[in-house]
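Peer 1: Mind having a look at this structure? Questions to follow.
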Amino acid sequence: MQIDVQDSSPDLVIVTISGDVDLSTSRELQGELRRVVANHPQKLIVDLSDVPYMDSSGVATLVETMQLARKGQTRLVLTSLKERVRSIFEIARLDSVFTIVDDLSTARSL
């Protein structure tokens, strides 16, 4: 798994994740997302376009990030979920809890 953090402006941070997010990688992702949220950007976009697989530990990491973001008044947007990853959120009914959009340009415009 690779994590790319792009601080576009003080108001917007885009985190692009590439590779599987599972038990062996979710702790690294958790640390990076905690660091980003601690800086209190207005909006945090997590681009999942290059994530082919995510297990429950990855979902738990994103749930924790959402909770931290809300406390810090950061808007969290997930974008570009592959069908396999999106179905995990739908099955757990988390698609109604997270802001999930189809592409990065839509995420930027929110």
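Ordering of the structure tokens sets the chain letters (A, B, ...), residue numbers begin anew at 1 in every chain, and ligands are numbered from 1 in the order given.
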Please provide the set of residues having any atom within 8 Å of A:Phe98, restricted to only C-alpha atoms, with same-chain residues fewer than 4 positions apart removed, written as a PyMOL selection string.

Peer 2: chain A and resi 66+76-78+94

Peer 1: Could you save the residues just selected, with all heavy atoms, as a CSV table (one decimal), in the first residue's frame?

Peer 2:
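Below is the file that was written, selection-v2.csv:
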```csv
chain,number,residue,atom,x,y,z
A,66,MET,N,-13.4,9.4,10.3
A,66,MET,CA,-14.6,10.2,10.2
A,66,MET,C,-15.0,10.8,11.6
A,66,MET,O,-15.3,12.0,11.7
A,66,MET,CB,-15.8,9.4,9.7
A,66,MET,CG,-17.1,10.1,9.7
A,66,MET,SD,-18.5,9.1,9.2
A,66,MET,CE,-18.5,7.8,10.5
A,76,LEU,N,-15.1,15.2,5.7
A,76,LEU,CA,-14.4,14.0,5.1
A,76,LEU,C,-15.2,13.5,3.9
A,76,LEU,O,-16.5,13.3,4.0
A,76,LEU,CB,-14.3,12.9,6.1
A,76,LEU,CG,-13.8,11.5,5.6
A,76,LEU,CD1,-12.3,11.7,5.1
A,76,LEU,CD2,-13.9,10.5,6.7
A,77,VAL,N,-14.6,13.4,2.8
A,77,VAL,CA,-15.2,12.9,1.6
A,77,VAL,C,-14.4,11.7,1.0
A,77,VAL,O,-13.2,11.8,0.8
A,77,VAL,CB,-15.3,14.0,0.5
A,77,VAL,CG1,-16.0,13.5,-0.8
A,77,VAL,CG2,-16.0,15.2,1.0
A,78,LEU,N,-15.1,10.6,0.8
A,78,LEU,CA,-14.5,9.5,0.1
A,78,LEU,C,-14.8,9.5,-1.3
A,78,LEU,O,-16.0,9.8,-1.7
A,78,LEU,CB,-15.0,8.1,0.7
A,78,LEU,CG,-14.8,8.0,2.2
A,78,LEU,CD1,-15.4,6.6,2.7
A,78,LEU,CD2,-13.4,8.2,2.7
A,94,LEU,N,-22.8,1.9,5.7
A,94,LEU,CA,-21.9,3.0,5.9
A,94,LEU,C,-22.0,4.0,4.8
A,94,LEU,O,-21.5,5.2,4.9
A,94,LEU,CB,-20.5,2.6,6.2
A,94,LEU,CG,-20.3,1.9,7.5
A,94,LEU,CD1,-18.9,1.3,7.6
A,94,LEU,CD2,-20.6,2.7,8.7
```

Peer 1: If you run DSSP on the backbone, which residues of chain A are alpha helix (DSSP H), as JSON, numbers by chain?

Peer 2: {"A": [26, 27, 28, 29, 30, 31, 32, 33, 34, 35, 36, 37, 38, 56, 57, 58, 59, 60, 61, 62, 63, 64, 65, 66, 67, 68, 69, 70, 71, 83, 84, 85, 86, 87, 88, 89, 90, 91, 104, 105, 106, 107, 108, 109]}

Peer 1: Hey, what's within 12 Å of A:Met1 if we count only C-alpha atoms and toss same-chain stuff fewer than 6 positions away? As a PDB file with all heavy atoms, in the first residue's frame, please?

Peer 2:
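In the end it all went to part.pdb:
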```pdb
ATOM      1  N   THR A  16      -4.388  10.071  -1.284  1.00  0.00           N
ATOM      2  CA  THR A  16      -4.597   9.057  -2.301  1.00  0.00           C
ATOM      3  C   THR A  16      -3.943   7.765  -1.827  1.00  0.00           C
ATOM      4  O   THR A  16      -2.761   7.758  -1.478  1.00  0.00           O
ATOM      5  CB  THR A  16      -3.992   9.495  -3.649  1.00  0.00           C
ATOM      6  OG1 THR A  16      -4.566  10.753  -4.026  1.00  0.00           O
ATOM      7  CG2 THR A  16      -4.270   8.468  -4.736  1.00  0.00           C
ATOM      8  N   ILE A  17      -4.731   6.714  -1.814  1.00  0.00           N
ATOM      9  CA  ILE A  17      -4.262   5.420  -1.340  1.00  0.00           C
ATOM     10  C   ILE A  17      -4.192   4.471  -2.528  1.00  0.00           C
ATOM     11  O   ILE A  17      -5.110   4.421  -3.343  1.00  0.00           O
ATOM     12  CB  ILE A  17      -5.214   4.850  -0.270  1.00  0.00           C
ATOM     13  CG1 ILE A  17      -5.386   5.852   0.864  1.00  0.00           C
ATOM     14  CG2 ILE A  17      -4.706   3.515   0.253  1.00  0.00           C
ATOM     15  CD1 ILE A  17      -6.567   5.576   1.757  1.00  0.00           C
ATOM     16  N   SER A  18      -3.082   3.731  -2.613  1.00  0.00           N
ATOM     17  CA  SER A  18      -2.907   2.745  -3.683  1.00  0.00           C
ATOM     18  C   SER A  18      -2.580   1.399  -3.054  1.00  0.00           C
ATOM     19  O   SER A  18      -1.689   1.316  -2.200  1.00  0.00           O
ATOM     20  CB  SER A  18      -1.765   3.150  -4.612  1.00  0.00           C
ATOM     21  OG  SER A  18      -2.012   4.417  -5.175  1.00  0.00           O
ATOM     22  N   GLY A  19      -3.295   0.368  -3.467  1.00  0.00           N
ATOM     23  CA  GLY A  19      -3.051  -0.979  -2.970  1.00  0.00           C
ATOM     24  C   GLY A  19      -4.126  -1.428  -1.999  1.00  0.00           C
ATOM     25  O   GLY A  19      -5.057  -0.687  -1.689  1.00  0.00           O
ATOM     26  N   ASP A  20      -3.977  -2.655  -1.536  1.00  0.00           N
ATOM     27  CA  ASP A  20      -4.948  -3.229  -0.607  1.00  0.00           C
ATOM     28  C   ASP A  20      -4.855  -2.560   0.764  1.00  0.00           C
ATOM     29  O   ASP A  20      -3.762  -2.266   1.242  1.00  0.00           O
ATOM     30  CB  ASP A  20      -4.700  -4.725  -0.427  1.00  0.00           C
ATOM     31  CG  ASP A  20      -5.006  -5.527  -1.685  1.00  0.00           C
ATOM     32  OD1 ASP A  20      -5.681  -4.997  -2.587  1.00  0.00           O
ATOM     33  OD2 ASP A  20      -4.565  -6.691  -1.750  1.00  0.00           O
ATOM     34  N   VAL A  21      -6.012  -2.332   1.366  1.00  0.00           N
ATOM     35  CA  VAL A  21      -6.075  -1.824   2.740  1.00  0.00           C
ATOM     36  C   VAL A  21      -6.621  -2.967   3.582  1.00  0.00           C
ATOM     37  O   VAL A  21      -7.802  -3.293   3.524  1.00  0.00           O
ATOM     38  CB  VAL A  21      -6.973  -0.572   2.847  1.00  0.00           C
ATOM     39  CG1 VAL A  21      -6.992  -0.066   4.279  1.00  0.00           C
ATOM     40  CG2 VAL A  21      -6.495   0.519   1.896  1.00  0.00           C
ATOM     41  N   ASP A  22      -5.718  -3.583   4.343  1.00  0.00           N
ATOM     42  CA  ASP A  22      -6.097  -4.743   5.142  1.00  0.00           C
ATOM     43  C   ASP A  22      -5.381  -4.694   6.487  1.00  0.00           C
ATOM     44  O   ASP A  22      -4.766  -3.676   6.823  1.00  0.00           O
ATOM     45  CB  ASP A  22      -5.808  -6.037   4.387  1.00  0.00           C
ATOM     46  CG  ASP A  22      -4.362  -6.160   3.926  1.00  0.00           C
ATOM     47  OD1 ASP A  22      -3.468  -5.533   4.540  1.00  0.00           O
ATOM     48  OD2 ASP A  22      -4.107  -6.897   2.954  1.00  0.00           O
ATOM     49  N   LEU A  23      -5.455  -5.770   7.219  1.00  0.00           N
ATOM     50  CA  LEU A  23      -4.888  -5.812   8.560  1.00  0.00           C
ATOM     51  C   LEU A  23      -3.403  -5.449   8.577  1.00  0.00           C
ATOM     52  O   LEU A  23      -2.935  -4.791   9.506  1.00  0.00           O
ATOM     53  CB  LEU A  23      -5.110  -7.195   9.181  1.00  0.00           C
ATOM     54  CG  LEU A  23      -4.786  -7.350  10.657  1.00  0.00           C
ATOM     55  CD1 LEU A  23      -5.593  -6.362  11.489  1.00  0.00           C
ATOM     56  CD2 LEU A  23      -5.068  -8.768  11.109  1.00  0.00           C
ATOM     57  N   SER A  24      -2.676  -5.826   7.547  1.00  0.00           N
ATOM     58  CA  SER A  24      -1.240  -5.560   7.523  1.00  0.00           C
ATOM     59  C   SER A  24      -0.897  -4.115   7.149  1.00  0.00           C
ATOM     60  O   SER A  24       0.228  -3.670   7.382  1.00  0.00           O
ATOM     61  CB  SER A  24      -0.534  -6.523   6.570  1.00  0.00           C
ATOM     62  OG  SER A  24      -0.928  -6.279   5.239  1.00  0.00           O
ATOM     63  N   THR A  25      -1.840  -3.374   6.584  1.00  0.00           N
ATOM     64  CA  THR A  25      -1.549  -2.006   6.142  1.00  0.00           C
ATOM     65  C   THR A  25      -2.393  -0.938   6.824  1.00  0.00           C
ATOM     66  O   THR A  25      -2.056   0.242   6.764  1.00  0.00           O
ATOM     67  CB  THR A  25      -1.761  -1.883   4.618  1.00  0.00           C
ATOM     68  OG1 THR A  25      -3.115  -2.211   4.304  1.00  0.00           O
ATOM     69  CG2 THR A  25      -0.817  -2.784   3.849  1.00  0.00           C
ATOM     70  N   SER A  26      -3.473  -1.330   7.463  1.00  0.00           N
ATOM     71  CA  SER A  26      -4.408  -0.330   8.000  1.00  0.00           C
ATOM     72  C   SER A  26      -3.803   0.506   9.132  1.00  0.00           C
ATOM     73  O   SER A  26      -4.147   1.666   9.288  1.00  0.00           O
ATOM     74  CB  SER A  26      -5.717  -0.974   8.458  1.00  0.00           C
ATOM     75  OG  SER A  26      -5.476  -1.927   9.455  1.00  0.00           O
ATOM     76  N   ARG A  27      -2.880  -0.050   9.884  1.00  0.00           N
ATOM     77  CA  ARG A  27      -2.257   0.715  10.974  1.00  0.00           C
ATOM     78  C   ARG A  27      -1.446   1.891  10.419  1.00  0.00           C
ATOM     79  O   ARG A  27      -1.484   2.994  10.955  1.00  0.00           O
ATOM     80  CB  ARG A  27      -1.373  -0.180  11.825  1.00  0.00           C
ATOM     81  CG  ARG A  27      -0.772   0.610  12.984  1.00  0.00           C
ATOM     82  CD  ARG A  27      -0.601  -0.182  14.186  1.00  0.00           C
ATOM     83  NE  ARG A  27      -1.910  -0.399  14.793  1.00  0.00           N
ATOM     84  CZ  ARG A  27      -2.108  -1.060  15.898  1.00  0.00           C
ATOM     85  NH1 ARG A  27      -1.094  -1.571  16.523  1.00  0.00           N
ATOM     86  NH2 ARG A  27      -3.303  -1.223  16.393  1.00  0.00           N
ATOM     87  N   GLU A  28      -0.736   1.665   9.330  1.00  0.00           N
ATOM     88  CA  GLU A  28       0.019   2.743   8.680  1.00  0.00           C
ATOM     89  C   GLU A  28      -0.940   3.831   8.177  1.00  0.00           C
ATOM     90  O   GLU A  28      -0.697   5.024   8.362  1.00  0.00           O
ATOM     91  CB  GLU A  28       0.836   2.183   7.520  1.00  0.00           C
ATOM     92  CG  GLU A  28       1.606   3.233   6.755  1.00  0.00           C
ATOM     93  CD  GLU A  28       2.289   2.686   5.508  1.00  0.00           C
ATOM     94  OE1 GLU A  28       2.248   1.459   5.272  1.00  0.00           O
ATOM     95  OE2 GLU A  28       2.840   3.504   4.755  1.00  0.00           O
ATOM     96  N   LEU A  29      -2.023   3.401   7.557  1.00  0.00           N
ATOM     97  CA  LEU A  29      -3.022   4.348   7.068  1.00  0.00           C
ATOM     98  C   LEU A  29      -3.640   5.128   8.228  1.00  0.00           C
ATOM     99  O   LEU A  29      -3.812   6.344   8.148  1.00  0.00           O
ATOM    100  CB  LEU A  29      -4.105   3.615   6.285  1.00  0.00           C
ATOM    101  CG  LEU A  29      -5.248   4.476   5.755  1.00  0.00           C
ATOM    102  CD1 LEU A  29      -4.733   5.556   4.808  1.00  0.00           C
ATOM    103  CD2 LEU A  29      -6.293   3.603   5.068  1.00  0.00           C
ATOM    104  N   LEU A  48      -9.864   6.696  -3.181  1.00  0.00           N
ATOM    105  CA  LEU A  48      -9.709   5.242  -3.114  1.00  0.00           C
ATOM    106  C   LEU A  48      -9.723   4.597  -4.501  1.00  0.00           C
ATOM    107  O   LEU A  48      -9.966   3.397  -4.618  1.00  0.00           O
ATOM    108  CB  LEU A  48     -10.818   4.653  -2.236  1.00  0.00           C
ATOM    109  CG  LEU A  48     -10.814   5.137  -0.775  1.00  0.00           C
ATOM    110  CD1 LEU A  48     -12.100   4.730  -0.068  1.00  0.00           C
ATOM    111  CD2 LEU A  48      -9.606   4.610  -0.040  1.00  0.00           C
ATOM    112  N   ASP A  50      -7.449   3.648  -6.438  1.00  0.00           N
ATOM    113  CA  ASP A  50      -6.456   2.597  -6.660  1.00  0.00           C
ATOM    114  C   ASP A  50      -6.442   1.568  -5.529  1.00  0.00           C
ATOM    115  O   ASP A  50      -5.415   0.951  -5.262  1.00  0.00           O
ATOM    116  CB  ASP A  50      -5.063   3.214  -6.825  1.00  0.00           C
ATOM    117  CG  ASP A  50      -4.933   4.001  -8.115  1.00  0.00           C
ATOM    118  OD1 ASP A  50      -5.566   3.601  -9.118  1.00  0.00           O
ATOM    119  OD2 ASP A  50      -4.215   5.020  -8.130  1.00  0.00           O
ATOM    120  N   VAL A  51      -7.585   1.424  -4.846  1.00  0.00           N
ATOM    121  CA  VAL A  51      -7.710   0.430  -3.778  1.00  0.00           C
ATOM    122  C   VAL A  51      -8.620  -0.697  -4.288  1.00  0.00           C
ATOM    123  O   VAL A  51      -9.835  -0.537  -4.323  1.00  0.00           O
ATOM    124  CB  VAL A  51      -8.283   1.059  -2.486  1.00  0.00           C
ATOM    125  CG1 VAL A  51      -8.510  -0.007  -1.423  1.00  0.00           C
ATOM    126  CG2 VAL A  51      -7.367   2.151  -1.969  1.00  0.00           C
ATOM    127  N   PRO A  52      -8.034  -1.831  -4.669  1.00  0.00           N
ATOM    128  CA  PRO A  52      -8.853  -2.926  -5.179  1.00  0.00           C
ATOM    129  C   PRO A  52      -9.547  -3.735  -4.085  1.00  0.00           C
ATOM    130  O   PRO A  52     -10.545  -4.401  -4.335  1.00  0.00           O
ATOM    131  CB  PRO A  52      -7.857  -3.801  -5.940  1.00  0.00           C
ATOM    132  CG  PRO A  52      -6.536  -3.515  -5.300  1.00  0.00           C
ATOM    133  CD  PRO A  52      -6.605  -2.089  -4.819  1.00  0.00           C
ATOM    134  N   TYR A  53      -8.996  -3.683  -2.854  1.00  0.00           N
ATOM    135  CA  TYR A  53      -9.534  -4.507  -1.771  1.00  0.00           C
ATOM    136  C   TYR A  53      -9.396  -3.774  -0.440  1.00  0.00           C
ATOM    137  O   TYR A  53      -8.374  -3.130  -0.172  1.00  0.00           O
ATOM    138  CB  TYR A  53      -8.776  -5.841  -1.695  1.00  0.00           C
ATOM    139  CG  TYR A  53      -9.150  -6.672  -0.501  1.00  0.00           C
ATOM    140  CD1 TYR A  53     -10.326  -7.417  -0.480  1.00  0.00           C
ATOM    141  CD2 TYR A  53      -8.330  -6.707   0.627  1.00  0.00           C
ATOM    142  CE1 TYR A  53     -10.676  -8.179   0.627  1.00  0.00           C
ATOM    143  CE2 TYR A  53      -8.673  -7.466   1.741  1.00  0.00           C
ATOM    144  CZ  TYR A  53      -9.844  -8.195   1.734  1.00  0.00           C
ATOM    145  OH  TYR A  53     -10.191  -8.932   2.824  1.00  0.00           O
ATOM    146  N   MET A  54     -10.425  -3.872   0.391  1.00  0.00           N
ATOM    147  CA  MET A  54     -10.386  -3.317   1.734  1.00  0.00           C
ATOM    148  C   MET A  54     -11.110  -4.279   2.657  1.00  0.00           C
ATOM    149  O   MET A  54     -12.221  -4.721   2.347  1.00  0.00           O
ATOM    150  CB  MET A  54     -11.055  -1.939   1.777  1.00  0.00           C
ATOM    151  CG  MET A  54     -11.024  -1.280   3.153  1.00  0.00           C
ATOM    152  SD  MET A  54     -11.809   0.351   3.191  1.00  0.00           S
ATOM    153  CE  MET A  54     -10.695   1.286   2.154  1.00  0.00           C
ATOM    154  N   GLY A  58      -9.618  -1.840   7.463  1.00  0.00           N
ATOM    155  CA  GLY A  58      -9.567  -0.611   6.673  1.00  0.00           C
ATOM    156  C   GLY A  58     -10.815   0.224   6.856  1.00  0.00           C
ATOM    157  O   GLY A  58     -10.747   1.450   6.994  1.00  0.00           O
TER     158      GLY A  58
END
```

Peer 1: Any chance you could list, as a ChimeraX atom specification, the residues in chain A that come up strand (DSSP E or B) when DSSP is run on the backbone?

Peer 2: /A:2-9,12-18,21,43-50,54,75-79,99-101

Peer 1: Counting only C-alpha atoms, which of A:Asp103, A:Glu64, A:Asp4, A:Asp95 gets nearest to A:Thr79?

Peer 2: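 Among the listed residues, A:Asp103 lies closest to A:Thr79.
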
Peer 1: Need the shell around A:Ser96: protein/DNA/RNA residues with any atom at most 12 Å away, counting only C-alpha atoms. Skip same-chain ones fewer than 6 positions apart. Format as a VMD selection string?

Peer 2: chain A and resid 86 89 to 90

Peer 1: Print the selection's residues with N, CA, C and O atoms to a file, as a CSV table (one decimal), in the first residue's frame.

Peer 2:
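Result file is again11.csv:
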```csv
chain,number,residue,atom,x,y,z
A,86,ARG,N,-16.9,-0.4,-2.6
A,86,ARG,CA,-18.1,0.3,-2.3
A,86,ARG,C,-19.2,-0.7,-1.7
A,86,ARG,O,-19.9,-0.3,-0.9
A,89,PHE,N,-19.1,-0.9,2.0
A,89,PHE,CA,-19.7,0.2,2.7
A,89,PHE,C,-21.2,0.1,2.6
A,89,PHE,O,-22.0,0.4,3.5
A,90,GLU,N,-21.8,-0.4,1.5
A,90,GLU,CA,-23.2,-0.6,1.3
A,90,GLU,C,-23.7,-1.7,2.2
A,90,GLU,O,-24.8,-1.5,2.8
```

Peer 1: Using only C-alpha atoms, pick whichever of A:Leu110, A:Val13, A:Ile91, A:Val97 has the shortest atom-to-atom distance to A:Arg35.

Peer 2: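 Ranked by minimum distance to A:Arg35, first place goes to A:Val13.
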